[in-house]
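Colleague: Here you go, this is target-v9.cif (mmCIF, C-alpha atoms).
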```cif
data_work
loop_
_atom_site.label_atom_id
_atom_site.label_comp_id
_atom_site.auth_asym_id
_atom_site.auth_seq_id
_atom_site.Cartn_x
_atom_site.Cartn_y
_atom_site.Cartn_z
CA MET A 1 16.88 27.26 -12.07
CA LEU A 2 14.00 24.95 -11.34
CA SER A 3 11.81 26.59 -8.73
CA GLU A 4 10.71 24.84 -5.55
CA THR A 5 7.06 25.38 -6.48
CA LEU A 6 6.27 24.53 -10.07
CA VAL A 7 3.68 26.76 -11.72
CA ARG A 8 2.06 25.09 -14.69
CA ASP A 9 -1.08 24.99 -16.77
CA PRO A 10 -3.47 22.63 -14.91
CA GLN A 11 -4.76 21.44 -18.28
CA LEU A 12 -1.32 20.07 -19.19
CA PRO A 13 0.12 16.80 -17.88
CA LEU A 14 3.17 17.08 -15.63
CA VAL A 15 5.12 14.63 -17.82
CA SER A 16 4.78 13.48 -21.42
CA VAL A 17 6.76 10.86 -23.33
CA PHE A 18 8.63 12.09 -26.41
CA TYR A 19 11.05 10.61 -28.93
CA THR A 20 13.79 12.28 -30.97
CA ASN A 21 13.97 9.75 -33.82
CA SER A 22 11.07 8.17 -35.65
CA THR A 23 12.76 4.76 -35.37
CA HIS A 24 12.08 4.90 -31.63
CA ARG A 25 8.42 5.86 -31.85
CA ASP A 26 7.16 2.35 -31.09
CA ILE A 27 9.41 2.17 -28.01
CA ALA A 28 8.14 5.56 -26.81
CA ALA A 29 4.51 4.65 -27.51
CA ALA A 30 4.82 1.37 -25.61
CA LEU A 31 6.44 3.15 -22.66
CA ALA A 32 3.73 5.84 -22.61
CA GLU A 33 1.00 3.20 -22.59
CA ARG A 34 2.72 1.12 -19.92
CA ILE A 35 3.13 3.97 -17.44
CA ASN A 36 -0.08 5.79 -18.45
CA LEU A 37 1.45 8.99 -19.80
CA PRO A 38 0.55 10.89 -22.98
CA LEU A 39 2.79 10.50 -26.03
CA LEU A 40 3.88 13.82 -27.47
CA GLU A 41 4.39 13.64 -31.23
CA ASN A 42 5.71 17.16 -31.87
CA CYS A 43 7.58 19.53 -29.54
CA ASP A 44 7.42 22.44 -31.97
CA THR A 45 3.75 23.25 -31.61
CA GLY A 46 1.57 24.06 -28.64
CA ALA A 47 2.34 24.34 -24.94
CA LEU A 48 4.70 21.78 -23.44
CA PRO A 49 4.43 20.02 -20.09
CA PRO A 50 7.17 20.86 -17.57
CA PHE A 51 8.88 17.47 -17.97
CA LEU A 52 9.54 15.29 -21.00
CA LEU A 53 10.51 11.63 -20.66
CA VAL A 54 12.55 11.37 -23.85
CA VAL A 55 13.61 8.30 -25.83
CA SER A 56 16.73 9.35 -27.73
CA GLU A 57 19.67 7.84 -29.60
CA HIS A 58 22.59 6.24 -27.78
CA PRO A 59 25.85 5.38 -29.58
CA GLU A 60 26.20 1.98 -27.88
CA HIS A 61 22.72 0.93 -26.78
CA ASP A 62 20.41 2.02 -29.62
CA TYR A 63 18.45 4.28 -27.28
CA GLN A 64 18.37 5.76 -23.80
CA LEU A 65 15.74 7.32 -21.59
CA ALA A 66 16.19 10.75 -20.02
CA LEU A 67 14.08 13.26 -18.13
CA ARG A 68 14.25 16.68 -19.76
CA PHE A 69 12.90 20.08 -18.80
CA SER A 70 10.85 21.95 -21.35
CA THR A 71 10.93 25.30 -19.53
CA GLU A 72 14.24 25.20 -17.63
CA ASN A 73 17.81 25.47 -18.89
CA LEU A 74 19.05 22.33 -17.12
CA LEU A 75 20.82 19.24 -18.36
CA PRO A 76 18.62 16.15 -18.74
CA ILE A 77 18.65 13.53 -16.00
CA LEU A 78 19.23 9.87 -16.75
CA VAL A 79 20.38 6.86 -14.76
CA ASN A 80 23.84 5.78 -15.89
CA PHE A 81 25.45 3.12 -13.73
CA GLN A 82 28.62 3.46 -15.82
CA SER A 83 29.03 7.21 -15.50
CA GLN A 84 32.43 8.68 -14.73
CA HIS A 85 31.04 10.13 -11.51
CA LEU A 86 29.90 6.76 -10.17
CA LEU A 87 33.01 4.95 -11.37
CA TYR A 88 35.16 7.55 -9.62
CA ARG A 89 33.14 7.12 -6.42
CA GLN A 90 33.47 3.34 -6.74
CA LYS A 91 37.25 3.63 -6.99
CA PHE A 92 37.99 6.49 -4.60
CA GLY A 93 34.90 6.72 -2.38
CA GLY A 94 36.51 5.08 0.63
CA GLY A 95 35.32 1.51 0.23
CA ARG A 96 33.86 0.02 3.40
CA GLN A 97 35.23 2.89 5.47
CA GLN A 98 32.84 5.42 3.95
CA PRO A 99 29.91 6.48 6.16
CA ILE A 100 27.16 4.62 4.29
CA ALA A 101 29.12 1.36 4.50
CA ARG A 102 29.82 1.78 8.22
CA ALA A 103 26.16 2.57 8.84
CA LEU A 104 25.14 -0.68 7.16
CA GLY A 105 27.75 -2.63 9.10
CA LEU A 106 29.72 -3.73 6.05
CA LYS A 107 32.76 -5.49 7.45
CA LYS A 108 35.15 -7.96 5.88
CA GLY A 109 33.23 -11.02 4.79
CA VAL A 110 29.84 -9.39 5.46
CA THR A 111 27.75 -8.73 2.34
CA PRO A 112 24.09 -8.58 3.39
CA GLN A 113 20.99 -8.32 1.30
CA VAL A 114 19.82 -4.70 1.28
CA ILE A 115 16.35 -3.47 0.44
CA ASP A 116 16.66 0.08 -0.87
CA ALA A 117 13.08 1.10 -0.15
CA THR A 118 13.38 4.61 -1.63
CA ALA A 119 15.55 3.96 -4.68
CA GLY A 120 15.42 7.41 -6.28
CA PHE A 121 18.05 7.60 -9.04
CA GLY A 122 19.94 4.58 -7.74
CA ARG A 123 23.22 6.18 -6.70
CA ASP A 124 23.35 4.77 -3.18
CA ALA A 125 22.23 1.40 -4.51
CA PHE A 126 25.19 1.51 -6.92
CA VAL A 127 27.61 2.23 -4.08
CA LEU A 128 26.28 -0.61 -1.95
CA ALA A 129 26.29 -3.05 -4.87
CA SER A 130 29.88 -2.08 -5.73
CA LEU A 131 30.79 -2.97 -2.12
CA GLY A 132 29.44 -6.49 -2.58
CA CYS A 133 25.84 -6.19 -1.38
CA HIS A 134 22.85 -7.52 -3.27
CA VAL A 135 20.55 -4.50 -3.49
CA HIS A 136 16.86 -4.77 -4.27
CA MET A 137 15.62 -1.31 -5.29
CA LEU A 138 11.97 -0.52 -4.67
CA GLU A 139 10.48 2.45 -6.52
CA ARG A 140 6.81 3.38 -6.64
CA HIS A 141 6.88 6.35 -9.03
CA PRO A 142 6.50 5.23 -12.67
CA VAL A 143 8.81 7.88 -14.18
CA ILE A 144 11.65 7.30 -11.71
CA HIS A 145 11.18 3.54 -12.09
CA ALA A 146 11.37 3.85 -15.88
CA LEU A 147 14.67 5.75 -15.62
CA LEU A 148 16.11 3.11 -13.27
CA GLU A 149 14.89 0.31 -15.52
CA ASP A 150 16.56 1.90 -18.52
CA GLY A 151 19.82 2.35 -16.59
CA LEU A 152 19.81 -1.34 -15.68
CA ARG A 153 19.04 -2.28 -19.29
CA ARG A 154 22.07 -0.41 -20.58
CA LEU A 155 24.25 -1.81 -17.79
CA ALA A 156 23.23 -5.38 -18.65
CA HIS A 157 23.86 -4.87 -22.37
CA GLY A 158 27.07 -2.88 -22.08
CA ALA A 159 30.54 -3.84 -23.21
CA ASP A 160 31.30 -5.44 -19.83
CA THR A 161 28.49 -7.97 -19.55
CA ALA A 162 30.41 -9.74 -16.77
CA ASN A 163 30.10 -6.66 -14.55
CA PRO A 164 29.07 -8.01 -11.10
CA LEU A 165 26.70 -5.06 -10.70
CA VAL A 166 24.41 -6.65 -13.29
CA LYS A 167 23.54 -9.45 -10.86
CA ALA A 168 23.85 -7.33 -7.70
CA LEU A 169 21.15 -4.80 -8.61
CA GLN A 170 17.46 -5.72 -8.74
CA LEU A 171 14.48 -3.43 -9.31
CA SER A 172 10.77 -3.66 -8.55
CA TYR A 173 7.97 -1.22 -9.34
CA VAL A 174 6.10 -1.34 -6.05
CA ASP A 175 5.13 0.61 -2.96
CA ALA A 176 7.88 -0.21 -0.46
CA ARG A 177 5.60 -0.32 2.56
CA GLU A 178 3.32 -2.86 0.88
CA TRP A 179 6.30 -4.92 -0.33
CA LEU A 180 7.89 -5.04 3.12
CA ALA A 181 4.63 -5.95 4.82
CA ALA A 182 4.12 -8.85 2.40
CA ALA A 183 7.77 -10.01 2.18
CA SER A 184 7.94 -13.80 2.11
CA GLN A 185 11.73 -14.01 2.46
CA PRO A 186 13.85 -12.70 5.36
CA VAL A 187 15.17 -9.16 4.90
CA ASP A 188 18.58 -8.36 6.38
CA ILE A 189 18.75 -4.56 6.04
CA VAL A 190 16.33 -1.88 4.91
CA TYR A 191 17.83 1.37 3.66
CA LEU A 192 15.73 4.55 3.50
CA ASP A 193 16.66 7.82 1.83
CA PRO A 194 13.40 9.77 2.09
CA MET A 195 12.77 13.19 0.62
CA TYR A 196 14.79 15.77 2.50
CA PRO A 197 12.87 18.49 4.35
CA HIS A 198 12.21 21.75 2.59
CA ARG A 199 14.96 24.36 2.80
CA THR A 200 14.43 28.08 2.79
CA LYS A 201 16.99 28.58 0.01
CA SER A 202 16.11 26.43 -2.98
CA ALA A 203 19.55 27.02 -4.51
CA LEU A 204 20.99 24.81 -1.78
CA VAL A 205 18.93 21.85 -2.91
CA LYS A 206 20.51 19.62 -5.55
CA LYS A 207 18.89 19.47 -8.95
CA GLU A 208 17.91 15.80 -8.59
CA MET A 209 16.20 16.50 -5.27
CA ARG A 210 14.20 19.37 -6.76
CA VAL A 211 13.15 17.14 -9.63
CA LEU A 212 12.11 14.34 -7.30
CA ARG A 213 10.06 16.74 -5.22
CA GLN A 214 8.30 18.11 -8.30
CA LEU A 215 7.52 14.63 -9.57
CA VAL A 216 6.64 12.68 -6.44
CA GLY A 217 5.95 15.32 -3.80
CA ASP A 218 6.97 14.97 -0.17
CA ASP A 219 7.33 11.59 1.53
CA VAL A 220 4.37 12.13 3.82
CA ASP A 221 4.20 8.44 4.72
CA VAL A 222 7.87 8.02 5.60
CA ALA A 223 7.17 7.53 9.33
CA ALA A 224 4.81 4.66 8.50
CA LEU A 225 7.40 3.21 6.11
CA LEU A 226 10.06 3.34 8.82
CA GLU A 227 7.71 1.60 11.26
CA THR A 228 7.09 -1.20 8.76
CA ALA A 229 10.82 -1.47 8.03
CA LEU A 230 11.62 -1.80 11.74
CA LEU A 231 9.21 -4.72 11.98
CA THR A 232 10.63 -6.40 8.86
CA ALA A 233 14.42 -6.06 8.91
CA ARG A 234 16.27 -8.79 10.80
CA GLN A 235 19.49 -6.84 11.36
CA ARG A 236 19.04 -3.11 10.94
CA VAL A 237 17.30 -0.19 9.30
CA VAL A 238 19.42 2.73 8.10
CA VAL A 239 17.86 6.13 7.38
CA LYS A 240 19.80 8.81 5.50
CA ARG A 241 19.10 12.34 6.73
CA PRO A 242 20.52 15.85 6.48
CA LYS A 243 22.97 16.26 9.35
CA THR A 244 20.80 18.71 11.31
CA ALA A 245 17.38 17.22 10.48
CA PRO A 246 15.26 15.69 13.23
CA ILE A 247 14.84 11.93 13.44
CA ILE A 248 11.83 10.37 11.77
CA GLY A 249 9.10 8.99 13.99
CA ALA A 250 9.23 8.31 17.71
CA VAL A 251 11.86 5.56 17.88
CA THR A 252 15.36 6.72 18.86
CA PRO A 253 18.14 5.37 16.63
CA SER A 254 20.60 2.93 18.18
CA TYR A 255 23.41 5.20 16.98
CA CYS A 256 24.30 7.57 14.14
CA VAL A 257 27.09 7.76 11.58
CA GLU A 258 27.85 11.28 10.40
CA SER A 259 29.67 12.83 7.47
CA LYS A 260 30.09 16.49 6.56
CA ASN A 261 26.49 17.15 5.52
CA THR A 262 24.74 13.81 6.05
CA ARG A 263 23.70 11.65 8.97
CA TYR A 264 22.81 7.96 8.89
CA ASP A 265 20.41 6.95 11.66
CA VAL A 266 21.00 3.29 12.45
CA TYR A 267 18.30 1.17 14.09
CA LEU A 268 19.51 -2.23 15.29
CA THR A 269 16.22 -4.05 15.02
CA GLY A 270 17.25 -7.09 17.05
CA LEU A 271 17.97 -4.90 20.07
CA LEU A 272 14.83 -2.81 19.55
CA LYS A 273 12.62 -5.90 19.44
CA LYS A 274 14.36 -7.36 22.50
CA ASN A 275 13.90 -4.13 24.48
CA ASN A 276 10.23 -4.00 23.53
CA SER A 277 9.52 -7.63 24.42
#
```
Would you mind writing the file out in structure tokens?

Modeller:
Amino acid sequence: MLSETLVRDPQLPLVSVFYTNSTHRDIAAALAERINLPLLENCDTGALPPFLLVVSEHPEHDYQLALRFSTENLLPILVNFQSQHLLYRQKFGGGRQQPIARALGLKKGVTPQVIDATAGFGRDAFVLASLGCHVHMLERHPVIHALLEDGLRRLAHGADTANPLVKALQLSYVDAREWLAAASQPVDIVYLDPMYPHRTKSALVKKEMRVLRQLVGDDVDVAALLETALLTARQRVVVKRPKTAPIIGAVTPSYCVESKNTRYDVYLTGLLKKNNS
């Protein structure tokens, strides 16, 4: 199991790019140069970094990108917007009655533009896009962004090229706070899913969350990001939190939508700005 605190050789990079087939070396080399990571030519010799960003074969799309663990017995992580898990959630997740949809105010005929300011592995963005929203994912970490970019590439070149998700999902490699502060177009809703607080039992933390924490660290600037989002969003800001976690910052949410383990803090920005005027 991946530990909460990664112990590694300080002389080794945290992540290296690798490829499993020589035909993909140029793709791997270009990726490594673009995101400023070392290219590992041979996994059989020498010490390995904790994470490998691997370009490997794919039966339908020539290649795919996945994050693998060189020292942990865990399955690789990749972004697959056509996975059985996401397709099942799309079909049986509750539609616009599920908590995330109610938190964003998704009613019949209402399909707002959503800025997913902490995109992560894109699962919530997928759900919102499948419900009719246009979702602009913002991701500032180069490795996570590369995984998202590859997932969108395979989605766009899949068998179902008419899939509405292709046009509904957009991705930018950018710091969300800077993007929001400089936004030239009106933003309807900003969605935040910041890094969850540390838990005393690491086994309770999902694998993806542990990986994100190892790669990007804690979201120490999330309060500042929320403040910027509250100034930018025309309709609302929605923050996803563990059910028992404290609110972020000093502003009290307008209301909350709860599920079994999760809470969505909803800030109606029009009311907040009116009350502060």

Colleague: I'd like to know which of A:Leu192, A:Ala181, A:Leu39, A:Leu155 is closest to Ala125 of chain A, using only C-alpha atoms.

Modeller: A:Leu192

Colleague: Give me, as JSON lines, each residue of segment 93-209 of chain A that comes within 8 Å of segment 48-62 of chain A, together with its shortest interatomic pair and the distance in Å at one decimal, counting all atoms listed in the file, with rows ordered by chain and rising residue number.

Modeller:
```
{"residue": "A:Val143", "atom": "CA", "partner": "A:Leu53", "partner_atom": "CA", "distance": 7.7}
{"residue": "A:Arg154", "atom": "CA", "partner": "A:His61", "partner_atom": "CA", "distance": 6.4}
{"residue": "A:His157", "atom": "CA", "partner": "A:His61", "partner_atom": "CA", "distance": 7.4}
{"residue": "A:Gly158", "atom": "CA", "partner": "A:His61", "partner_atom": "CA", "distance": 7.5}
```

Colleague: Care to translate the PyMOL selection byres ((chain A and resi 193) around 7) into actual residues of this file, as a ChimeraX atom specification?

Modeller: /A:118,191-192,194-195,239-240

Colleague: May I have the residues within 10 Å of Pro253 of chain A as number ranges by chain, using all atoms listed in the file and disregarding those fewer than 3 positions away in the same chain?

Modeller: A: 237-239, 247-248, 250, 256, 264-269, 272

Colleague: Please provide the set of residues having any atom within 8 Å of segment 133-140 of chain A, restricted to only C-alpha atoms, with same-chain residues fewer than 4 positions apart removed, written as an NGL selection string.

Modeller: :A and (111-120 or 122 or 125 or 128-129 or 144-145 or 167-176)

Colleague: Name the residues captured by the PyMOL selection byres ((chain A and resi 86) around 12) when it is applied to the shown file; answer as JSON, numbers by chain.

Modeller: {"A": [79, 80, 81, 82, 83, 84, 85, 87, 88, 89, 90, 91, 92, 93, 121, 122, 123, 124, 125, 126, 127, 128, 129, 130]}

Colleague: Find, counting all atoms listed in the file, the residue in A:Arg236, A:Arg263, A:His141, A:Arg96 that gets nearest to Ile35 of chain A.

Modeller: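 Using all atoms listed in the file, Ile35 of chain A sits closest to A:His141.
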
Colleague: For the structure shown, which residues end up in the PyMOL selection byres ((chain A and resi 23) around 12)? Put them as a PyMOL selection string, please?

Modeller: chain A and resi 19-22+24-29+55-57+62-63

Colleague: Ranking A:Asp221, A:Val17, A:Leu152, A:Val251 by minimum distance to Cys43 of chain A and counting all atoms listed in the file, which one comes first?

Modeller: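 That would be A:Val17, the residue with the smallest distance to Cys43 of chain A.
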
Colleague: Mind listing whatever residues come within 12 Å of the point (28.5, 8.6, 11.3)? Use all atoms listed in the file, file coordinates, and give them as a list in words.

Modeller: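 Nearby residues: Gln97, Gln98, Pro99, Ile100, Ala101, Arg102, Ala103, Leu104, Gly105, Val238, Val239, Lys240, Arg241, Pro242, Lys243, Ser254, Tyr255, Cys256, Val257, Glu258, Ser259, Lys260, Asn261, Thr262, Arg263, Tyr264, Asp265 and Val266 of chain A.
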
Colleague: At what distance in Å, to one decimal, does atom CA of Leu226 of chain A lie from atom CA of Leu14 of chain A?

Modeller: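 Between these atoms lies a distance of 28.9 Å.
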
Colleague: Grab the atom CA of Ala32 of chain A to atom CA of Phe18 of chain A distance for me, in Å with one decimal place.

Modeller: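 Distance reported for this atom pair: 8.8 Å.
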
Colleague: Record the distance separating atom CA of Glu227 of chain A and atom CA of Leu106 of chain A, expressed in Å with one decimal.

Modeller: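 Separation between atom CA of Glu227 of chain A and atom CA of Leu106 of chain A: 23.2 Å.
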
Colleague: Using all atoms listed in the file for the distances, tell me which of A:Arg210, A:Pro186, A:Pro246, A:Val216 is nearest to Arg234 of chain A.

Modeller: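 Result for the nearest residue to Arg234 of chain A: A:Pro186.
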
Colleague: When distances are computed from all atoms listed in the file, which of A:Leu231, A:Asp150, A:Ala224, A:Leu37 shows the smallest separation from Val187 of chain A?

Modeller: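 Smallest separation from Val187 of chain A among the options: A:Leu231.
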